[in-house]
Amino acid sequence: MSAEPPILEVPILEVRGVCKSFGALQVARDVSLALPAGARHALIGPNGAGKTTLVHLITGLLPPSSGAIRIGGRDVTRLAAERRVALGLARTFQISSLFPGLTVAENIGLAVAARTGVEIRPWGSLRRQAQVIDEAASMLEQLGLLALAGRAIASLAYGQRRLVEIALALALKPKILLLDEPAAGVASNDRGMLLDLLLSLPADLAILIIEHDMSLVFRLARRMTVLVDGGILTEGSVADVRADPRVRDVYLGSRHHA
Amino acid sequence: MINLSTIATLLVDGISYGMILFLISAGLTVTLGVMRVANLAHCAFAMVGGYLALALAQSWGWSLLAALPVATILTVALGAVLERTVYRWVYATSQLGQILMTIGLVFVMIASVNLAFGSSLHTLPMPAWLAGTWQTQAFTLSVYRAFLVVVSTGLAGALWAVLEFTEFGAKLRAAVDNPRMARCVGIDVPRIFAITFAGGCGLAAIGGVLGNQMLPLEPWYALKYLVPVLIVVAVGGLGSLRGSFLSALLLGLIDTFGRYYIPAGGAFIIYVAAAAALLWRPEGLFARA
Amino acid sequence: MMGTEPPARDLVARAFTRHHLSWVDALPWLAIAAVWLVAGDYVPLGTQVIIMIIFALSLDLAVGYGGIDTLGHAALFGSGAYAAGLYALNVSSEPVTGLLAAGIAGAAVALVTGPLVLRTRGITQVMLTLAVSTVLLEIANAWKPVTGGADGLTGFRIAPVLGAFRFDLAGNTAYWYGAAVLAVTFFLCKGLVNSPFGLTIRGIRENPVRMRLLGVPVRHRLLMLYTISGFFAGWAGGLSAQVTKLVGLDTLEFVLSGNALVMLILGGTGSLYGAIVGATVFVVLSDRAAAINPFHWLFALGIVLILAVRYAPAGLVGLLRFRKVPR
């Protein structure tokens with residue numbers, strides 16, 4: 001566990017007073033969040049609390065009704081989703097969002113090509129883009145997916161797809177990584193490998209992770225925010241939040257192992 | 001150029017044209033809203049209705065008003081049969097597949113109509129009491145067009161009443177709002193769709209018969225008036241009857257006034273207007289949020 | 001670790017699907033040569049087939065690869081046709097530059113109308129493409145001094161191709177000129193589809209939201225594709241104008257758009273080969289059948305379409321299993 005980052009540093013991701021309503025239904029109520037570089041921040045809360053909605057708001061898939069979002073100090077509230085990615089934002093989806101008709105290698109290759117700007121080239125072949133191939137190969141090797149390189153996504157086991165999902169986000173070499181329930185649907189004996197992967201991520205990468213698997217959260221996170229009914233119940237270090245009786249009432253309870 | 005008589009005539013012409021378009025489009029917007037089926041053959045049902053009435057008038061000397069209900073019922077039957085058969089095939093396919101199947105259907109209908117009636121323009125004989133005009137001091141009013149406006153408004157009102165006050169109407173509104181949810185709640189969406197589809201074909205047939213003085217019958221009718229109908233549906237918002245009503249009126253008025261005051265480019269105006277409307281609101285001007 | 005580097009790269013590189021040229025690719029060219037050698041009377045029909053193949057290829061880029069539902073592709077074809085005719089009439093009768101002008105005209109119309117068309121989806125998109133096509137048709141009809149209106153644009157001469165090959169009455173030059181243009185078109189389309197951009201388009205087709213979250217401006221890429229498609233459609237129109245020395249309103253009509261879409265569906269979308277097969281079968285059949293009775297042909301076509309959507313959604317190519325899919 002490293003020391004808390006200095007307060008003077010500009011947070012790499014900042015969410016300020018964000019609200020979102022669909023008609024009478026309010027899904028985000030005055031949510032604020034600040035992530036420094038290297039953050040390991042968990043977002044927890046009961047189902048329907050609005051966690052995934054918050055990620056949609058941060059990534060730009062949904063416009064907020066009010067409030068502001070900043071990446072690296074720059075206001076991105078009105079910025080299109082694809083432009084936020086260029087600023088270093090990457091996310092995974094709760095339900096795997098890959099390219100099902102393409103091979104595993106093509107999925108990763110597409111992400112690398114998108115990052116390096118090669119994806120727009122209307123001639124030549126990605127096969128001959130050495131940088132893309134090298135990066136894709138090393139990423140697949142690192143995740144133990146090399147043998148699956150030529151397989152179509154549709155033929156993979158669900159746990160393998162979750163890994164490709166994370167690989168896709170990592171291929172963007174992001175500064176901020178938003179993980180939406182990465183362990184969802186992954187068998188418990190595979191979760192160890194997932195945790196190892198998450199622990200091995202770069203120290204300066206800011207990670208916001210939504211998870212229900214508390215053992216994963218407690219091993220990875222340093223700070224936690226608890227979201228209930230679209231609003232923040234509490235926020236603080238993992239120890240503080242675990243000890244907070246209100247959180248226990250609402251969510252943790254005795255169902256989850258410490 | 002700006003005199004009351006002209007304005008009044010143009011108004012009535014525009015509104016009556018718009019009402020005919022509404023009658024033809026109403027079925028399409030509802031089926032698009034409920035099942036999202038891209039039915040490019042919808043205008044062909046209006047054509048078939050018109051030709052059926054023509055057959056009745058030519059072969060048995062029936063008057064327009066007598067032929068109307070029979071032609072409508074026959075078109076409803078045709079729509080019901082086609083829905084059970086060929087349309088069922090394409091519910092699960094992509095929009096492109098639906099577009100192609102319905103184009104194929106249009107081709108078949110155009111060719112059939114040509115086989116039976118030839119390729120020249122036809123209009124239905126009008127009863128004597130509908131022909132002619134009312135002359136007042138201020139303006140001249142075509143009886144036929146006034147009749148059109150009255151009947152169409154009545155039908156639109158009846159449609160609205162069905163939607164608002166009947167159980168079927170409530171189920172239909174639910175199915176348009178959220179088909180999946182409606183199914184979960186126990187509403188038999190496929191059956192609702194089948195009934196609505198057939199009803200929509202019937203409405204289109206009424207539009208085809210009543211409006212045949214303005215939109216004469218010919219084999220290419222099904223494709224010729226497809227674009228205005230699609231514009232009405234798209235600009236009004238898929239699934240919104242109110243939207244179709246308003247956009248049909250708008251289109252009728254814009255087109256009529258446009259053609260009169262700008263003879264050179266008048267025909268374009270509706271396209272420009274439609275493009276502007278969709279650029280502003282791609283979901284349709286009057287679509288629900 | 002060093003020993004595994006090269007094999008890993010190869011494994012990954014091979015995992016990128018790429019179409020290899022095989023004996024199948026030679027077939028169209030064999031057929032083109034065969035027709036010229038053996039069935040001389042059919043050369044003009046062959047030229048028509050070639051023109052429609054190019055048009056169908058351009059449509060396949062938009063519909064098959066881009067997923068853009070368009071029933072107004074004739075707008076791009078006709079723009080190219082009129083551009084080529086007007087170029088020959090007013091600028092120069094040199095055909096190759098005229099063809100380039102036609103391509104640019106098609107691309108320009110696609111570029112201008114694209115932002116509106118791509119903003120919408122499904123039936124609204126179809127309607128907009130139809131509307132654009134109709135507007136251009138009305139303009140061509142009304143603008144008699146420039147386009148000749150309903151009489152069409154005539155009276156332009158086309159200079160010999162590359163200064164050497166005169167357009168003869170038998171249509172031989174037109175045939176081989178067309179074949180050359182087809183070769184270039186197919187080569188470029190193949191290159192496009194196998195390029196990184198081609199993979200991007202496939203990605204957009206599969207999961208546009210994901211693409212956006214990879215930082216790719218989806219609508220911009222689709223506009224690029226639509227413009228390229230417009231370029232080739234313009235080429236087809238320009239070729240038609242140069243070969244027949246006449247440009248009529250029928251180059252902008254719905255019938256042309258509809259026919260092209262039918263050709264593509266019958267042949268099979270998203271493979272380029274479907275365009276070749278579909279266009280060939282359609283043009284040959286319609287030439288024979290329409291001569292007998294156009295409305296009977298329409299009826300038969302309608303039936304075939306309905307049945308094809310039900311029983312052969314992947315088209316002839318799908319039935320013949322010529323499509324290359326990643327294993």
# chains A, B, ... in the order shown; residues from 1 in each chain; ligands from 1

$ residues_around --residues "range 167-175 of chain C" --least-positions-apart "2" --cutoff "7 Å" --atoms "only C-alpha atoms" --output "ChimeraX atom specification"
/C:43-44,47,160,165,177-179,243

$ write_last_selection --atoms "C-alpha atoms" --output "compact mmCIF listing (two decimals), in the first residue's frame"
# COMPACT_ATOMS: atom_id res chain seq x y z
CA VAL C 43 -20.34 -7.69 -76.35
CA PRO C 44 -22.65 -4.67 -75.88
CA THR C 47 -20.45 -3.89 -71.42
CA PRO C 160 -10.03 7.58 -78.28
CA PHE C 165 -8.26 3.14 -79.13
CA TYR C 177 -12.29 0.02 -71.64
CA GLY C 178 -15.02 -1.07 -69.27
CA ALA C 179 -13.13 -4.22 -68.34
CA VAL C 243 -20.01 4.21 -73.69

$ residues_around --residues "Leu98 in chain A" --least-positions-apart "4" --cutoff "10 Å" --atoms "only C-alpha atoms" --output "PyMOL selection string"
(chain A and resi 92-93+102+104+107-108+153-154+161-162+164-165+168) or (chain C and resi 203+206-207+209-211)

$ write_last_selection --atoms "N, CA and C atoms" --output "CSV table (one decimal), in the first residue's frame"
chain,number,residue,atom,x,y,z
A,92,THR,N,-14.2,-1.1,-19.5
A,92,THR,CA,-14.7,-2.4,-19.9
A,92,THR,C,-16.2,-2.4,-19.5
A,93,PHE,N,-16.9,-3.3,-20.2
A,93,PHE,CA,-18.4,-3.3,-20.0
A,93,PHE,C,-18.8,-4.5,-19.1
A,102,LEU,N,-15.0,-11.1,-35.3
A,102,LEU,CA,-13.6,-11.0,-35.5
A,102,LEU,C,-12.8,-11.9,-34.6
A,104,VAL,N,-9.8,-13.0,-32.0
A,104,VAL,CA,-9.2,-12.4,-30.8
A,104,VAL,C,-8.1,-11.4,-31.2
A,107,ASN,N,-9.5,-8.3,-32.6
A,107,ASN,CA,-10.1,-7.4,-31.6
A,107,ASN,C,-9.0,-6.5,-31.0
A,108,ILE,N,-7.9,-7.2,-30.5
A,108,ILE,CA,-6.8,-6.4,-29.9
A,108,ILE,C,-6.2,-5.5,-30.9
A,153,ILE,N,-14.4,-14.7,-31.5
A,153,ILE,CA,-14.8,-14.4,-30.1
A,153,ILE,C,-16.0,-15.3,-29.7
A,154,ALA,N,-16.8,-15.6,-30.6
A,154,ALA,CA,-18.0,-16.4,-30.3
A,154,ALA,C,-17.7,-17.8,-29.8
A,161,ARG,N,-13.5,-14.5,-22.5
A,161,ARG,CA,-14.0,-13.2,-23.1
A,161,ARG,C,-13.8,-12.0,-22.2
A,162,ARG,N,-14.0,-12.3,-20.9
A,162,ARG,CA,-13.8,-11.2,-19.9
A,162,ARG,C,-12.3,-10.7,-19.9
A,164,VAL,N,-10.3,-10.9,-22.6
A,164,VAL,CA,-10.1,-10.1,-23.8
A,164,VAL,C,-10.7,-8.7,-23.7
A,165,GLU,N,-11.8,-8.6,-22.9
A,165,GLU,CA,-12.4,-7.3,-22.7
A,165,GLU,C,-11.5,-6.4,-22.0
A,168,LEU,N,-8.6,-5.4,-24.3
A,168,LEU,CA,-9.0,-4.4,-25.3
A,168,LEU,C,-8.8,-3.0,-24.7
C,203,GLY,N,-15.5,-3.5,-37.7
C,203,GLY,CA,-15.7,-3.3,-36.3
C,203,GLY,C,-16.9,-2.4,-36.0
C,206,GLU,N,-20.0,-4.5,-36.4
C,206,GLU,CA,-20.2,-5.4,-35.3
C,206,GLU,C,-20.6,-4.7,-34.0
C,207,ASN,N,-20.0,-3.6,-33.7
C,207,ASN,CA,-20.2,-3.0,-32.4
C,207,ASN,C,-19.8,-1.5,-32.4
C,209,VAL,N,-20.7,1.0,-30.6
C,209,VAL,CA,-20.5,1.7,-29.3
C,209,VAL,C,-19.1,1.4,-28.9
C,210,ARG,N,-18.6,0.1,-29.0
C,210,ARG,CA,-17.3,-0.2,-28.7
C,210,ARG,C,-16.3,0.6,-29.5
C,211,MET,N,-16.5,0.7,-30.7
C,211,MET,CA,-15.6,1.5,-31.6
C,211,MET,C,-15.4,2.9,-31.1

$ interface_residues --of "chain C" --to "chain B" --cutoff "8 Å" --atoms "only C-alpha atoms" --output "ChimeraX atom specification"
/C:69,116,119-120,122-124,127-128,130-132,135,138,142,262,295-296,298-306,309-310,313

$ select_by_dssp --residues "range 171-285 of chain B" --states "helix (DSSP H, G or I)" --output "number ranges by chain"
B: 171-177, 179-184, 189-213, 221-224, 226-236, 241-261, 266-280

$ residues_around --residues "Gly270 in chain C" --least-positions-apart "4" --cutoff "8 Å" --atoms "only C-alpha atoms" --output "ChimeraX atom specification"
/C:60-61,63-65,274

$ closest_residue --among "B:Thr6, B:Ser25, B:Thr72, B:Asn212" --to "Leu246 in chain B" --atoms "only C-alpha atoms"
B:Ser25

$ closest_atom_pairs --of "chain A" --to "chain C" --cutoff "6 Å" --atoms "only C-alpha atoms" --output "tab-separated table"
residue	atom	partner	partner_atom	distance
A:Glu82	CA	C:Gly215	CA	4.0
A:Val85	CA	C:Gly215	CA	5.0
A:Ala86	CA	C:Gly215	CA	5.9
A:Phe99	CA	C:Glu206	CA	5.6
A:Ala105	CA	C:Ala15	CA	5.9
A:Glu106	CA	C:Phe16	CA	5.8
A:Glu119	CA	C:Pro196	CA	5.0
A:Ile120	CA	C:Phe197	CA	4.9
A:Arg121	CA	C:Phe197	CA	5.2
A:Pro122	CA	C:Phe197	CA	4.9
A:Trp123	CA	C:Ser195	CA	4.8
A:Gly124	CA	C:Ser195	CA	5.1
A:Ser125	CA	C:Ser195	CA	4.6
A:Leu126	CA	C:Pro196	CA	5.4
A:Arg127	CA	C:Ala13	CA	5.2
A:Ala137	CA	C:Arg9	CA	5.9
A:Ala149	CA	C:Val12	CA	5.9
A:Gly150	CA	C:Ala15	CA	4.3

$ closest_residue --among "B:Leu56, B:Leu11, B:Val185, B:Ala198" --to "Ala80 in chain B" --atoms "only C-alpha atoms"
B:Ala198

$ atom_distance --atom1 "CA of Arg84 in chain A" --atom2 "CA of Ile166 in chain A"
18.1 Å

$ select_by_dssp --residues "range 7-133 of chain A" --states "strand (DSSP E or B)" --output "ChimeraX atom specification"
/A:13-22,25-35,40-44,66-71,74-75,89-91,103

$ write_last_selection --atoms "C-alpha atoms" --output "short mmCIF file (atom, residue, chain, number, x, y, z; two decimals), in the first residue's frame"
data_model
loop_
_atom_site.label_atom_id
_atom_site.label_comp_id
_atom_site.auth_asym_id
_atom_site.auth_seq_id
_atom_site.Cartn_x
_atom_site.Cartn_y
_atom_site.Cartn_z
CA LEU A 13 -10.37 12.21 -13.26
CA GLU A 14 -12.80 14.52 -11.56
CA VAL A 15 -16.56 14.23 -11.35
CA ARG A 16 -18.23 17.30 -9.85
CA GLY A 17 -21.85 17.42 -8.75
CA VAL A 18 -23.09 15.29 -11.63
CA CYS A 19 -26.84 14.74 -11.82
CA LYS A 20 -28.80 12.76 -14.37
CA SER A 21 -32.53 12.28 -14.67
CA PHE A 22 -34.76 10.54 -17.17
CA LEU A 25 -36.50 9.19 -12.56
CA GLN A 26 -33.25 10.50 -11.11
CA VAL A 27 -30.38 8.06 -11.61
CA ALA A 28 -27.52 10.24 -10.42
CA ARG A 29 -27.82 12.71 -7.58
CA ASP A 30 -25.01 15.20 -7.07
CA VAL A 31 -22.23 12.64 -7.50
CA SER A 32 -18.67 13.82 -6.95
CA LEU A 33 -15.48 11.85 -7.27
CA ALA A 34 -11.79 12.64 -7.64
CA LEU A 35 -9.18 10.15 -8.80
CA ARG A 40 -7.19 2.27 -6.83
CA HIS A 41 -10.76 3.29 -6.21
CA ALA A 42 -13.74 1.01 -5.86
CA LEU A 43 -17.34 1.97 -6.49
CA ILE A 44 -19.77 -0.26 -4.66
CA SER A 66 -25.97 18.98 -14.71
CA GLY A 67 -22.51 18.92 -13.22
CA ALA A 68 -19.04 18.66 -14.71
CA ILE A 69 -16.51 16.03 -15.62
CA ARG A 70 -12.82 16.74 -15.94
CA ILE A 71 -10.00 14.63 -17.29
CA ARG A 74 -9.70 19.65 -18.72
CA ASP A 75 -13.47 20.01 -18.85
CA LEU A 89 -9.93 7.11 -20.76
CA ALA A 90 -10.77 3.43 -21.26
CA ARG A 91 -13.50 1.19 -19.91
CA THR A 103 -10.79 -13.07 -34.17
#

$ atom_distance --atom1 "CA of Ala26 in chain C" --atom2 "CA of Arg288 in chain C"
26.5 Å

$ atom_distance --atom1 "CA of Trp36 in chain C" --atom2 "CA of Trp23 in chain C"
20.6 Å

$ residues_around --residues "Ile54 in chain C" --least-positions-apart "6" --cutoff "9 Å" --atoms "only C-alpha atoms" --output "ChimeraX atom specification"
/C:181-182,185-186,232-233,235-236,275-276,279

$ write_last_selection --atoms "C-alpha atoms" --output "PDB file, in the first residue's frame"
ATOM      1  CA  VAL C 181     -12.114   0.179 -65.322  1.00  0.00           C
ATOM      2  CA  LEU C 182     -13.658  -2.840 -63.625  1.00  0.00           C
ATOM      3  CA  THR C 185     -12.290  -0.784 -59.338  1.00  0.00           C
ATOM      4  CA  PHE C 186     -12.135  -4.329 -58.059  1.00  0.00           C
ATOM      5  CA  PHE C 232     -17.091   4.267 -57.617  1.00  0.00           C
ATOM      6  CA  ALA C 233     -20.803   4.739 -58.271  1.00  0.00           C
ATOM      7  CA  TRP C 235     -17.352   5.901 -62.134  1.00  0.00           C
ATOM      8  CA  ALA C 236     -20.044   3.454 -63.148  1.00  0.00           C
ATOM      9  CA  ALA C 275     -21.871  -7.994 -56.534  1.00  0.00           C
ATOM     10  CA  ILE C 276     -20.181  -9.615 -59.524  1.00  0.00           C
ATOM     11  CA  ALA C 279     -25.058  -8.112 -61.385  1.00  0.00           C
TER      12      ALA C 279
END
